[in-house]
file start-v3.csv (CSV, C-alpha atoms)
chain,number,residue,atom,x,y,z
A,219,MET,CA,-27.2,16.0,9.0
A,220,VAL,CA,-23.7,14.5,9.1
A,221,SER,CA,-22.5,14.3,5.5
A,222,SER,CA,-19.7,11.8,6.0
A,223,PRO,CA,-19.2,8.7,8.2
A,224,THR,CA,-17.7,9.1,11.6
A,225,SER,CA,-17.4,5.3,12.4
A,226,VAL,CA,-16.7,2.4,10.0
A,227,LEU,CA,-16.2,-1.2,10.8
A,228,LEU,CA,-13.7,-3.1,8.5
A,229,ALA,CA,-14.1,-6.9,8.5
A,230,GLY,CA,-11.4,-9.0,7.1
A,231,GLY,CA,-8.6,-11.3,8.1
A,232,GLY,CA,-6.8,-14.6,7.8
A,233,SER,CA,-4.6,-13.7,4.9
A,234,ALA,CA,-2.7,-10.8,3.5
A,235,GLY,CA,-5.2,-10.8,0.6
A,236,HIS,CA,-7.8,-9.7,3.1
A,237,VAL,CA,-5.8,-7.6,5.5
A,238,SER,CA,-3.8,-5.5,3.0
A,239,PRO,CA,-6.8,-3.9,1.2
A,240,LEU,CA,-8.4,-3.4,4.6
A,241,LEU,CA,-5.4,-1.3,5.8
A,242,ALA,CA,-5.2,0.6,2.5
A,243,LEU,CA,-8.9,1.6,2.7
A,244,ALA,CA,-8.4,2.6,6.4
A,245,ASP,CA,-5.6,4.9,5.3
A,246,ALA,CA,-7.7,6.4,2.6
A,247,LEU,CA,-10.7,7.1,4.9
A,248,ALA,CA,-8.4,8.6,7.6
A,249,ARG,CA,-6.9,10.9,5.0
A,250,ARG,CA,-10.3,12.1,3.9
A,251,HIS,CA,-11.9,12.3,7.4
A,252,PRO,CA,-9.4,13.1,10.2
A,253,GLY,CA,-10.9,11.9,13.4
A,254,ILE,CA,-13.0,9.1,11.8
A,255,ARG,CA,-13.3,6.0,14.0
A,256,LEU,CA,-12.0,3.0,12.2
A,257,THR,CA,-12.3,-0.4,13.8
A,258,GLY,CA,-11.0,-3.7,12.4
A,259,LEU,CA,-12.9,-7.0,12.9
A,260,GLY,CA,-10.8,-10.1,12.8
A,261,THR,CA,-9.8,-13.3,14.6
A,262,GLU,CA,-7.1,-13.8,17.2
A,263,THR,CA,-5.1,-16.1,15.0
A,264,GLY,CA,-5.0,-14.3,11.7
A,265,LEU,CA,-2.5,-11.8,10.3
A,266,GLU,CA,-4.8,-9.1,11.3
A,267,ALA,CA,-4.2,-9.7,15.0
A,268,ARG,CA,-0.7,-8.3,14.5
A,269,LEU,CA,-1.0,-6.0,11.5
A,270,VAL,CA,-4.2,-4.0,12.4
A,271,PRO,CA,-3.1,-2.9,15.8
A,272,ALA,CA,0.4,-2.1,14.4
A,273,ARG,CA,-1.3,0.4,12.2
A,274,GLY,CA,-2.9,2.1,15.2
A,275,LEU,CA,-6.4,0.7,14.7
A,276,ASP,CA,-8.7,-0.7,17.2
A,277,LEU,CA,-9.3,-4.5,16.6
A,278,ARG,CA,-12.3,-6.4,17.8
A,279,PHE,CA,-12.4,-10.2,17.7
A,280,VAL,CA,-14.9,-12.7,16.5
A,281,PRO,CA,-14.6,-16.5,16.8
A,282,LYS,CA,-13.3,-18.2,13.7
A,283,VAL,CA,-16.1,-20.0,11.9
A,284,PRO,CA,-14.9,-22.2,9.0
A,285,LEU,CA,-17.6,-23.2,6.7
A,286,PRO,CA,-17.3,-27.0,6.2
A,287,ARG,CA,-17.6,-28.2,2.6
A,288,ARG,CA,-18.6,-31.7,3.5
A,289,PRO,CA,-20.5,-33.5,6.3
A,290,SER,CA,-18.5,-33.5,9.6
A,291,GLY,CA,-18.6,-32.7,13.2
A,292,ASP,CA,-17.7,-29.1,12.3
A,293,LEU,CA,-20.9,-29.0,10.3
A,294,LEU,CA,-23.0,-30.0,13.4
A,295,ARG,CA,-21.3,-27.3,15.5
A,296,LEU,CA,-21.7,-24.6,12.8
A,297,PRO,CA,-25.0,-23.1,14.0
A,298,VAL,CA,-23.7,-22.4,17.5
A,299,ARG,CA,-20.3,-21.1,16.3
A,300,LEU,CA,-22.0,-18.9,13.7
A,301,ARG,CA,-24.4,-17.6,16.3
A,302,ASP,CA,-21.5,-16.7,18.6
A,303,ALA,CA,-19.6,-15.0,15.8
A,304,ILE,CA,-22.7,-13.0,14.7
A,305,GLY,CA,-23.2,-11.9,18.3
A,306,ALA,CA,-19.5,-10.7,18.6
A,307,ALA,CA,-19.8,-8.8,15.3
A,308,GLY,CA,-23.0,-7.2,16.4
A,309,ARG,CA,-21.5,-6.1,19.7
A,310,ALA,CA,-18.6,-4.5,17.7
A,311,ILE,CA,-21.1,-2.6,15.5
A,312,ASP,CA,-23.1,-1.4,18.5
A,313,GLU,CA,-20.1,-0.5,20.7
A,314,THR,CA,-18.4,1.5,18.0
A,315,GLY,CA,-21.5,3.1,16.5
A,316,ALA,CA,-20.4,1.8,13.1
A,317,GLN,CA,-22.4,3.5,10.3
A,318,VAL,CA,-21.0,1.3,7.5
A,319,VAL,CA,-19.6,-2.2,7.5
A,320,VAL,CA,-17.0,-3.1,4.9
A,321,GLY,CA,-16.2,-6.8,4.4
A,322,PHE,CA,-13.2,-8.2,2.5
A,323,GLY,CA,-14.2,-11.8,2.6
A,324,GLY,CA,-13.0,-14.8,4.7
A,325,TYR,CA,-14.2,-16.2,8.0
A,326,VAL,CA,-14.8,-12.8,9.5
A,327,SER,CA,-17.0,-11.2,6.9
A,328,THR,CA,-20.0,-13.6,7.0
A,329,PRO,CA,-21.0,-12.8,10.7
A,330,ALA,CA,-20.3,-9.1,10.0
A,331,TYR,CA,-22.6,-9.1,7.0
A,332,VAL,CA,-25.4,-10.9,9.0
A,333,ALA,CA,-25.0,-8.6,12.0
A,334,ALA,CA,-25.0,-5.5,9.8
A,335,ARG,CA,-28.1,-6.6,7.9
A,336,ARG,CA,-30.0,-7.2,11.1
A,337,ARG,CA,-29.3,-3.7,12.2
A,338,ARG,CA,-29.9,-2.1,8.7
A,339,VAL,CA,-26.3,-0.9,8.7
A,340,PRO,CA,-25.1,-0.4,5.0
A,341,ILE,CA,-22.8,-3.1,3.8
A,342,VAL,CA,-19.9,-2.6,1.3
A,343,VAL,CA,-18.2,-5.7,-0.1
A,344,HIS,CA,-14.8,-5.9,-1.7
A,345,GLU,CA,-13.7,-9.1,-3.4
A,346,GLN,CA,-10.0,-9.6,-4.1
A,347,ASN,CA,-10.0,-12.6,-6.3
A,348,ALA,CA,-11.4,-13.3,-9.8
A,349,ARG,CA,-13.4,-16.1,-8.3
A,350,PRO,CA,-15.4,-14.9,-5.3
A,351,GLY,CA,-15.6,-16.7,-2.0
A,352,LEU,CA,-18.6,-17.9,-0.1
A,353,ALA,CA,-18.7,-14.9,2.3
A,354,ASN,CA,-18.7,-12.3,-0.4
A,355,ARG,CA,-21.2,-14.2,-2.5
A,356,LEU,CA,-23.6,-13.9,0.5
A,357,GLY,CA,-22.8,-10.3,1.2
A,358,ALA,CA,-23.2,-9.2,-2.4
A,359,ARG,CA,-26.9,-10.4,-2.3
A,360,TRP,CA,-27.6,-7.9,0.5
A,361,THR,CA,-26.1,-4.7,-0.9
A,362,PRO,CA,-25.7,-2.7,-4.1
A,363,TYR,CA,-22.2,-1.6,-3.0
A,364,VAL,CA,-19.9,-4.3,-4.3
A,365,ALA,CA,-16.4,-3.7,-5.5
A,366,THR,CA,-14.0,-6.1,-7.2
A,367,THR,CA,-10.4,-6.2,-8.1
A,368,PHE,CA,-11.0,-7.8,-11.5
A,369,GLY,CA,-13.5,-7.1,-14.2
A,370,ALA,CA,-14.3,-10.7,-14.8
A,371,THR,CA,-15.5,-11.3,-11.2
A,372,ARG,CA,-19.1,-12.5,-11.2
A,373,LEU,CA,-21.0,-10.9,-8.3
A,374,PRO,CA,-24.3,-9.0,-8.2
A,375,HIS,CA,-24.0,-5.2,-8.4
A,376,ALA,CA,-20.2,-5.5,-9.0
A,377,THR,CA,-18.1,-2.5,-9.9
A,378,ARG,CA,-14.4,-2.9,-10.7
A,379,THR,CA,-12.4,-0.6,-8.4
A,380,GLY,CA,-9.2,-2.6,-8.4
A,381,MET,CA,-7.3,-3.6,-5.3
A,382,PRO,CA,-6.6,-0.9,-2.6
A,383,LEU,CA,-2.9,-0.8,-2.2
A,384,ARG,CA,-0.4,0.8,0.1
A,385,ARG,CA,0.5,4.3,-1.0
A,386,GLU,CA,4.1,3.4,-1.3
A,387,ILE,CA,3.1,1.1,-4.1
A,388,ALA,CA,0.2,3.1,-5.6
A,389,THR,CA,2.4,6.2,-6.0
A,390,LEU,CA,5.7,4.5,-6.8
A,391,ASP,CA,8.1,6.3,-9.1
A,392,ARG,CA,10.2,3.3,-10.1
A,393,ALA,CA,12.6,5.3,-12.3
A,394,ALA,CA,13.4,7.9,-9.6
A,395,LEU,CA,14.0,5.3,-6.9
A,396,ARG,CA,15.9,2.8,-9.1
A,397,PRO,CA,19.5,4.0,-8.3
A,398,ALA,CA,18.9,3.8,-4.6
A,399,ALA,CA,17.1,0.5,-4.9
A,400,LEU,CA,19.9,-1.1,-6.8
A,401,GLU,CA,22.4,0.1,-4.1
A,402,HIS,CA,20.0,-1.2,-1.4
A,403,PHE,CA,20.1,-4.8,-2.8
A,404,GLY,CA,23.7,-4.7,-4.0
A,405,LEU,CA,22.8,-4.9,-7.7
A,406,GLU,CA,24.2,-3.3,-10.8
A,407,SER,CA,22.6,-1.0,-13.3
A,408,GLN,CA,23.8,-2.5,-16.6
A,409,TRP,CA,21.9,-5.8,-16.5
A,410,PRO,CA,18.3,-6.7,-17.2
A,411,THR,CA,16.9,-7.7,-13.9
A,412,VAL,CA,14.4,-10.5,-12.9
A,413,LEU,CA,12.7,-10.4,-9.6
A,414,VAL,CA,11.7,-13.8,-8.3
A,415,THR,CA,9.3,-14.0,-5.4
A,416,GLY,CA,7.0,-16.6,-4.0
A,417,GLY,CA,5.5,-14.2,-1.4
A,418,SER,CA,6.4,-13.9,2.3
A,419,LEU,CA,6.6,-17.7,2.7
A,420,GLY,CA,8.5,-18.4,-0.4
A,421,ALA,CA,7.7,-20.9,-3.1
A,422,GLN,CA,9.6,-24.2,-3.1
A,423,ARG,CA,9.0,-24.8,-6.8
A,424,LEU,CA,10.5,-21.4,-7.7
A,425,ASN,CA,13.4,-21.7,-5.3
A,426,GLU,CA,14.5,-25.1,-6.5
A,427,ALA,CA,14.2,-24.3,-10.2
A,428,PHE,CA,16.1,-21.0,-10.0
A,429,ARG,CA,18.8,-22.4,-7.7
A,430,ASP,CA,19.4,-25.0,-10.4
A,431,ARG,CA,19.9,-22.4,-13.1
A,432,ALA,CA,21.4,-19.5,-11.2
A,433,GLY,CA,24.7,-20.0,-13.0
A,434,VAL,CA,23.0,-20.1,-16.4
A,435,LEU,CA,21.1,-16.8,-15.7
A,436,SER,CA,24.2,-15.1,-14.5
A,437,GLY,CA,26.3,-16.3,-17.4
A,438,ALA,CA,23.6,-15.1,-19.9
A,439,GLY,CA,23.8,-11.6,-18.4
A,440,VAL,CA,20.5,-11.8,-16.5
A,441,GLN,CA,20.6,-10.2,-13.0
A,442,VAL,CA,18.3,-11.8,-10.4
A,443,LEU,CA,16.9,-10.6,-7.1
A,444,HIS,CA,15.4,-13.7,-5.5
A,445,ILE,CA,13.2,-13.4,-2.4
A,446,THR,CA,13.3,-17.0,-1.1
A,447,GLY,CA,11.2,-16.8,2.0
A,448,VAL,CA,12.5,-16.9,5.6
A,449,GLY,CA,14.5,-20.0,6.3
A,450,LYS,CA,14.7,-21.0,2.6
A,451,GLU,CA,17.8,-19.0,1.7
A,452,PHE,CA,20.5,-20.6,-0.5
A,453,THR,CA,23.9,-19.5,-1.9
A,454,PRO,CA,23.7,-19.4,-5.7
A,455,GLU,CA,26.5,-21.0,-7.7
A,456,VAL,CA,27.4,-18.4,-10.3
A,457,PRO,CA,30.4,-17.8,-12.6
A,458,MET,CA,33.2,-15.4,-11.6
A,459,VAL,CA,32.3,-13.1,-14.5
A,460,GLY,CA,28.5,-12.6,-14.9
A,461,ALA,CA,25.5,-10.8,-13.7
A,462,PRO,CA,24.8,-10.7,-9.9
A,463,TYR,CA,22.4,-13.2,-8.4
A,464,VAL,CA,21.2,-11.9,-5.0
A,465,THR,CA,19.1,-13.9,-2.6
A,466,VAL,CA,17.3,-12.4,0.4
A,467,PRO,CA,14.8,-14.1,2.7
A,468,TYR,CA,12.4,-11.3,2.8
A,469,ALA,CA,11.9,-7.8,1.5
A,470,ASP,CA,10.4,-5.4,4.1
A,471,ARG,CA,10.4,-2.7,1.4
A,472,MET,CA,8.8,-4.5,-1.5
A,473,GLU,CA,8.5,-1.2,-3.5
A,474,LEU,CA,12.4,-1.1,-3.7
A,475,ALA,CA,12.3,-4.6,-5.2
A,476,TYR,CA,9.9,-3.5,-7.8
A,477,CYS,CA,12.2,-0.5,-8.6
A,478,VAL,CA,15.1,-2.8,-9.6
A,479,ALA,CA,13.0,-5.2,-11.6
A,480,ASP,CA,12.4,-5.3,-15.4
A,481,LEU,CA,10.5,-8.6,-15.2
A,482,VAL,CA,9.0,-10.6,-12.3
A,483,VAL,CA,8.4,-14.3,-11.8
A,484,ALA,CA,5.8,-14.8,-9.1
A,485,ARG,CA,2.6,-16.5,-7.9
A,486,SER,CA,-0.6,-14.8,-9.0
A,487,GLY,CA,-2.3,-13.9,-5.8
A,488,ALA,CA,-4.7,-11.1,-6.3
A,489,ASN,CA,-2.5,-8.6,-4.4
A,490,THR,CA,0.6,-9.5,-6.4
A,491,VAL,CA,-1.3,-9.1,-9.7
A,492,ALA,CA,-2.7,-5.8,-8.6
A,493,GLU,CA,0.6,-4.4,-7.4
A,494,LEU,CA,2.5,-5.5,-10.6
A,495,THR,CA,-0.1,-3.9,-12.9
A,496,THR,CA,-0.2,-0.8,-10.9
A,497,VAL,CA,3.6,-0.3,-11.0
A,498,GLY,CA,3.7,-1.4,-14.7
A,499,LEU,CA,5.8,-4.6,-14.3
A,500,PRO,CA,5.4,-7.5,-16.7
A,501,ALA,CA,5.4,-10.9,-15.1
A,502,VAL,CA,5.6,-14.7,-15.5
A,503,TYR,CA,2.8,-15.8,-13.3
A,504,VAL,CA,3.0,-19.3,-11.8
A,505,PRO,CA,-0.4,-20.0,-10.1
A,506,LEU,CA,-0.4,-21.9,-6.8
A,507,PRO,CA,-1.6,-25.3,-7.8
A,508,ILE,CA,-4.1,-25.7,-4.9
A,509,GLY,CA,-7.4,-24.2,-3.9
A,510,ASN,CA,-10.2,-23.5,-6.4
A,511,GLY,CA,-8.0,-22.2,-9.2
A,512,GLU,CA,-8.5,-18.6,-8.4
A,513,GLN,CA,-4.8,-17.7,-8.9
A,514,ARG,CA,-5.0,-18.8,-12.5
A,515,LEU,CA,-8.1,-16.7,-13.0
A,516,ASN,CA,-6.4,-13.7,-11.2
A,517,ALA,CA,-3.7,-13.6,-13.9
A,518,ALA,CA,-6.1,-14.2,-16.8
A,519,GLU,CA,-6.9,-10.6,-17.6
A,520,VAL,CA,-3.3,-9.3,-17.6
A,521,VAL,CA,-2.1,-12.3,-19.6
A,522,ALA,CA,-4.8,-11.8,-22.2
A,523,ALA,CA,-3.8,-8.1,-22.5
A,524,GLY,CA,-0.2,-9.1,-23.2
A,525,GLY,CA,1.2,-8.0,-19.8
A,526,GLY,CA,2.3,-11.4,-18.6
A,527,LEU,CA,2.7,-15.0,-19.3
A,528,LEU,CA,1.1,-17.9,-17.5
A,529,VAL,CA,3.2,-21.0,-16.7
A,530,ALA,CA,1.8,-23.9,-14.8
A,531,ASP,CA,3.6,-24.8,-11.5
A,532,ASP,CA,4.8,-28.2,-12.9
A,533,GLU,CA,6.1,-26.5,-16.0
A,534,LEU,CA,8.3,-24.0,-14.2
A,535,THR,CA,11.4,-26.2,-14.5
A,536,PRO,CA,15.1,-25.5,-14.8
A,537,ALA,CA,14.8,-26.4,-18.5
A,538,TRP,CA,12.1,-23.8,-18.9
A,539,ILE,CA,14.2,-21.1,-17.3
A,540,GLU,CA,17.1,-21.9,-19.5
A,541,ALA,CA,15.1,-22.1,-22.8
A,542,GLU,CA,12.4,-19.5,-22.3
A,543,LEU,CA,13.1,-17.1,-19.4
A,544,VAL,CA,16.6,-16.2,-20.5
A,545,ARG,CA,15.3,-15.4,-24.0
A,546,LEU,CA,12.5,-13.3,-22.6
A,547,ALA,CA,14.5,-11.4,-20.0
A,548,THR,CA,17.1,-10.4,-22.6
A,549,ASP,CA,14.6,-9.2,-25.2
A,550,GLY,CA,14.2,-5.6,-24.0
A,551,GLN,CA,11.7,-4.6,-26.6
A,552,ARG,CA,9.4,-7.5,-25.8
A,553,VAL,CA,9.7,-6.8,-22.1
A,554,ALA,CA,8.9,-3.1,-22.7
A,555,ARG,CA,5.8,-4.0,-24.7
A,556,MET,CA,4.6,-6.3,-21.9
A,557,ALA,CA,5.2,-3.5,-19.3
A,558,GLN,CA,3.0,-1.1,-21.2
A,559,ALA,CA,0.3,-3.7,-21.5
A,560,ALA,CA,0.4,-4.5,-17.8
A,561,ALA,CA,0.2,-0.8,-16.9
A,562,THR,CA,-3.1,-0.4,-18.7
A,563,LEU,CA,-4.8,-2.6,-16.1
A,564,GLY,CA,-3.3,-0.9,-13.0
A,565,GLU,CA,-5.6,0.9,-10.6
A,566,PRO,CA,-3.5,3.2,-8.5
A,567,ALA,CA,-6.5,5.0,-7.1
A,568,ALA,CA,-8.4,1.8,-6.0
A,569,ASP,CA,-8.3,2.9,-2.4
A,570,GLU,CA,-10.0,6.2,-3.2
A,571,ARG,CA,-12.6,4.5,-5.4
A,572,LEU,CA,-13.5,2.1,-2.6
A,573,ALA,CA,-13.6,5.0,-0.2
A,574,ASP,CA,-16.1,6.6,-2.6
A,575,LEU,CA,-18.3,3.5,-2.3
A,576,VAL,CA,-18.2,3.7,1.5
A,577,GLU,CA,-19.3,7.3,1.4
A,578,LEU,CA,-22.1,6.4,-1.1
A,579,ALA,CA,-23.3,3.6,1.2
A,580,PHE,CA,-23.3,6.0,4.2
A,581,ARG,CA,-25.4,8.5,2.4
A,582,SER,CA,-27.9,5.8,1.4
A,583,ARG,CA,-29.0,5.2,5.0
A,584,SER,CA,-32.8,5.6,5.3

call {"tool": "encode", "arguments": {"input": "start-v3.csv", "output": "structure tokens"}}
result
Amino acid sequence: MVSSPTSVLLAGGGSAGHVSPLLALADALARRHPGIRLTGLGTETGLEARLVPARGLDLRFVPKVPLPRRPSGDLLRLPVRLRDAIGAAGRAIDETGAQVVVGFGGYVSTPAYVAARRRRVPIVVHEQNARPGLANRLGARWTPYVATTFGATRLPHATRTGMPLRREIATLDRAALRPAALEHFGLESQWPTVLVTGGSLGAQRLNEAFRDRAGVLSGAGVQVLHITGVGKEFTPEVPMVGAPYVTVPYADRMELAYCVADLVVARSGANTVAELTTVGLPAVYVPLPIGNGEQRLNAAEVVAAGGGLLVADDELTPAWIEAELVRLATDGQRVARMAQAAATLGEPAADERLADLVELAFRSRS
């Protein structure tokens, strides 16, 4: 009898929050089982359409099936769309001989869960956010193999594994790489450094507030690396004598940005919170003020532990930066205590723990 899986289907797409842990788990399974067949399941329009093949994985497509939250024409078309998506997911399972289906939520996972259940293929669910989405609430009813990023996530059979991360992040030695990272960004070693990032698309609120107080931060001896988002760059106005304020549109090596930082100001997407706690960085979390409030919940655990602060989007103002952030960034002892607290919640082995769950599901087959 085969003791480990030889084919696994990984369903997730639409956002980095779904695709990043999918790729991290794929890497972990490939390290454990050379030759294993790993297949992604996604849509033709999501990030997965570019990122999954770029990692060398086969990608099968299913039609995108948004679940309407109110009566509409989309609701009337839902049964046919869902049937087609379940059919496509089923063909992917059959053609690849998948022995386990792992879902990360989003549009792709619902048809994958239904198709797997009909074939009695074991299901593994991973939920990134503190507040689970509809797809994973469904999938968690059909399997005992449910993993979450946060301990507060309410799902049946949930086990907190953390968020599977890229090995460059999970194994990051910030102190060892700091000199090279400072040189990479043109920063200096003598200043406390704040990393500001709104993610790959940037965050207009953060950009405007920090641009308004760039000179104040520099004059107060606070060095800033500000990732603005592509097309949203600006030239900061800073005094001739002061700490550097460096803006870049995008950081293709985010681990180097973490190496230069002492403190981070960022949104609180699940992946961001997981990365910062894993590398032991304290943060000011500014939840995105849309959606169902999951970003605020994502940051709740680390804030309660003392590893971060929570600031509402409309409260992240130039005045707050001048009155509060400067004081925090220049208080080395407080920042060090926050860093220690953040690190207690990091899960650098989350990819391995989720791989354990995949193997357990495989061995459960009747």

call {"tool": "closest_atom_pairs", "arguments": {"input": "start-v3.csv", "of": "range 546-584 of chain A", "to": "range 337-347 of chain A", "cutoff": "12 Å", "atoms": "only C-alpha atoms", "output": "tab-separated table"}}
result
residue	atom	partner	partner_atom	distance
A:Ala568	CA	A:His344	CA	10.9
A:Asp569	CA	A:His344	CA	11.0
A:Arg571	CA	A:His344	CA	11.3
A:Leu572	CA	A:His344	CA	8.2
A:Ala573	CA	A:Val342	CA	10.0
A:Asp574	CA	A:Val342	CA	10.7
A:Leu575	CA	A:Val342	CA	7.3
A:Val576	CA	A:Val342	CA	6.5
A:Glu577	CA	A:Val342	CA	9.9
A:Leu578	CA	A:Val342	CA	9.6
A:Ala579	CA	A:Pro340	CA	5.8
A:Phe580	CA	A:Pro340	CA	6.7
A:Arg581	CA	A:Pro340	CA	9.3
A:Ser582	CA	A:Pro340	CA	7.7
A:Arg583	CA	A:Pro340	CA	6.8
A:Ser584	CA	A:Arg338	CA	8.9

call {"tool": "write_last_selection", "arguments": {"input": "start-v3.csv", "atoms": "C-alpha atoms", "output": "JSON list (two decimals), keeping the file's coordinate frame"}}
result
[["chain", "number", "residue", "atom", "x", "y", "z"],
["A", 568, "ALA", "CA", -8.40, 1.80, -6.00],
["A", 569, "ASP", "CA", -8.30, 2.90, -2.40],
["A", 571, "ARG", "CA", -12.60, 4.50, -5.40],
["A", 572, "LEU", "CA", -13.50, 2.10, -2.60],
["A", 573, "ALA", "CA", -13.60, 5.00, -0.20],
["A", 574, "ASP", "CA", -16.10, 6.60, -2.60],
["A", 575, "LEU", "CA", -18.30, 3.50, -2.30],
["A", 576, "VAL", "CA", -18.20, 3.70, 1.50],
["A", 577, "GLU", "CA", -19.30, 7.30, 1.40],
["A", 578, "LEU", "CA", -22.10, 6.40, -1.10],
["A", 579, "ALA", "CA", -23.30, 3.60, 1.20],
["A", 580, "PHE", "CA", -23.30, 6.00, 4.20],
["A", 581, "ARG", "CA", -25.40, 8.50, 2.40],
["A", 582, "SER", "CA", -27.90, 5.80, 1.40],
["A", 583, "ARG", "CA", -29.00, 5.20, 5.00],
["A", 584, "SER", "CA", -32.80, 5.60, 5.30]]

call {"tool": "closest_residue", "arguments": {"input": "start-v3.csv", "among": "A:Gly525, A:Gly437, A:Gly308, A:Gly258", "to": "Glu455 in chain A", "atoms": "only C-alpha atoms"}}
result
A:Gly437

call {"tool": "atom_distance", "arguments": {"input": "start-v3.csv", "atom1": "CA of Val320 in chain A", "atom2": "CA of Ala561 in chain A"}}
result
27.9 Å

call {"tool": "atom_distance", "arguments": {"input": "start-v3.csv", "atom1": "CA of Thr377 in chain A", "atom2": "CA of Gly487 in chain A"}}
result
19.9 Å

call {"tool": "closest_atom_pairs", "arguments": {"input": "start-v3.csv", "of": "range 361-403 of chain A", "to": "range 220-238 of chain A", "cutoff": "12 Å", "atoms": "all atoms listed in the file", "output": "CSV"}}
result
residue,atom,partner,partner_atom,distance
A:Thr367,CA,A:Gly235,CA,11.1
A:Met381,CA,A:Ser238,CA,9.2
A:Pro382,CA,A:Ser238,CA,7.8
A:Leu383,CA,A:Ser238,CA,7.1
A:Arg384,CA,A:Ser238,CA,7.7
A:Arg385,CA,A:Ser238,CA,11.4
A:Ile387,CA,A:Ser238,CA,11.9

call {"tool": "residues_near_point", "arguments": {"input": "start-v3.csv", "point": "(15.9, -12.0, 1.2)", "cutoff": "7 Å", "atoms": "all atoms listed in the file", "output": "list of chain:residue names"}}
result
A:His444, A:Ile445, A:Thr446, A:Gly447, A:Thr465, A:Val466, A:Pro467, A:Tyr468, A:Ala469

call {"tool": "residues_around", "arguments": {"input": "start-v3.csv", "residues": "range 440-443 of chain A", "least_positions_apart": "4", "cutoff": "9 Å", "atoms": "all atoms listed in the file", "output": "PyMOL selection string"}}
result
chain A and resi 403+405-406+409-415+432+434-436+460-466+475+478-479+544+547-548

call {"tool": "write_last_selection", "arguments": {"input": "start-v3.csv", "atoms": "C-alpha atoms", "output": "short mmCIF file (atom, residue, chain, number, x, y, z; two decimals), in the coordinates of the input"}}
result
data_model
loop_
_atom_site.label_atom_id
_atom_site.label_comp_id
_atom_site.auth_asym_id
_atom_site.auth_seq_id
_atom_site.Cartn_x
_atom_site.Cartn_y
_atom_site.Cartn_z
CA PHE A 403 20.10 -4.80 -2.80
CA LEU A 405 22.80 -4.90 -7.70
CA GLU A 406 24.20 -3.30 -10.80
CA TRP A 409 21.90 -5.80 -16.50
CA PRO A 410 18.30 -6.70 -17.20
CA THR A 411 16.90 -7.70 -13.90
CA VAL A 412 14.40 -10.50 -12.90
CA LEU A 413 12.70 -10.40 -9.60
CA VAL A 414 11.70 -13.80 -8.30
CA THR A 415 9.30 -14.00 -5.40
CA ALA A 432 21.40 -19.50 -11.20
CA VAL A 434 23.00 -20.10 -16.40
CA LEU A 435 21.10 -16.80 -15.70
CA SER A 436 24.20 -15.10 -14.50
CA GLY A 460 28.50 -12.60 -14.90
CA ALA A 461 25.50 -10.80 -13.70
CA PRO A 462 24.80 -10.70 -9.90
CA TYR A 463 22.40 -13.20 -8.40
CA VAL A 464 21.20 -11.90 -5.00
CA THR A 465 19.10 -13.90 -2.60
CA VAL A 466 17.30 -12.40 0.40
CA ALA A 475 12.30 -4.60 -5.20
CA VAL A 478 15.10 -2.80 -9.60
CA ALA A 479 13.00 -5.20 -11.60
CA VAL A 544 16.60 -16.20 -20.50
CA ALA A 547 14.50 -11.40 -20.00
CA THR A 548 17.10 -10.40 -22.60
#

call {"tool": "residues_around", "arguments": {"input": "start-v3.csv", "residues": "Gly351 in chain A", "least_positions_apart": "4", "cutoff": "10 Å", "atoms": "all atoms listed in the file", "output": "PyMOL selection string"}}
result
chain A and resi 322-324+345-347+355-356+510+512

call {"tool": "residues_around", "arguments": {"input": "start-v3.csv", "residues": "Pro505 in chain A", "least_positions_apart": "4", "cutoff": "10 Å", "atoms": "all atoms listed in the file", "output": "PyMOL selection string"}}
result
chain A and resi 484-487+511-517+528-531

call {"tool": "residues_around", "arguments": {"input": "start-v3.csv", "residues": "Ala537 in chain A", "least_positions_apart": "4", "cutoff": "10 Å", "atoms": "only C-alpha atoms", "output": "list of chain:residue names"}}
result
A:Ala427, A:Asp430, A:Arg431, A:Glu533, A:Ala541, A:Glu542, A:Leu543

call {"tool": "residues_around", "arguments": {"input": "start-v3.csv", "residues": "Ala330 in chain A", "least_positions_apart": "4", "cutoff": "10 Å", "atoms": "only C-alpha atoms", "output": "PyMOL selection string"}}
result
chain A and resi 227-230+259-260+280+303-308+310-311+319-321+323+325-326+334-336+341+353+357

call {"tool": "atom_distance", "arguments": {"input": "start-v3.csv", "atom1": "CA of Asp302 in chain A", "atom2": "CA of Thr261 in chain A"}}
result
12.8 Å

call {"tool": "closest_residue", "arguments": {"input": "start-v3.csv", "among": "A:Asp480, A:Glu570, A:Glu565, A:Asp276", "to": "Gly369 in chain A", "atoms": "all atoms listed in the file"}}
result
A:Glu565

call {"tool": "closest_residue", "arguments": {"input": "start-v3.csv", "among": "A:Lys450, A:His251, A:Arg268, A:His402", "to": "Arg423 in chain A", "atoms": "only C-alpha atoms"}}
result
A:Lys450
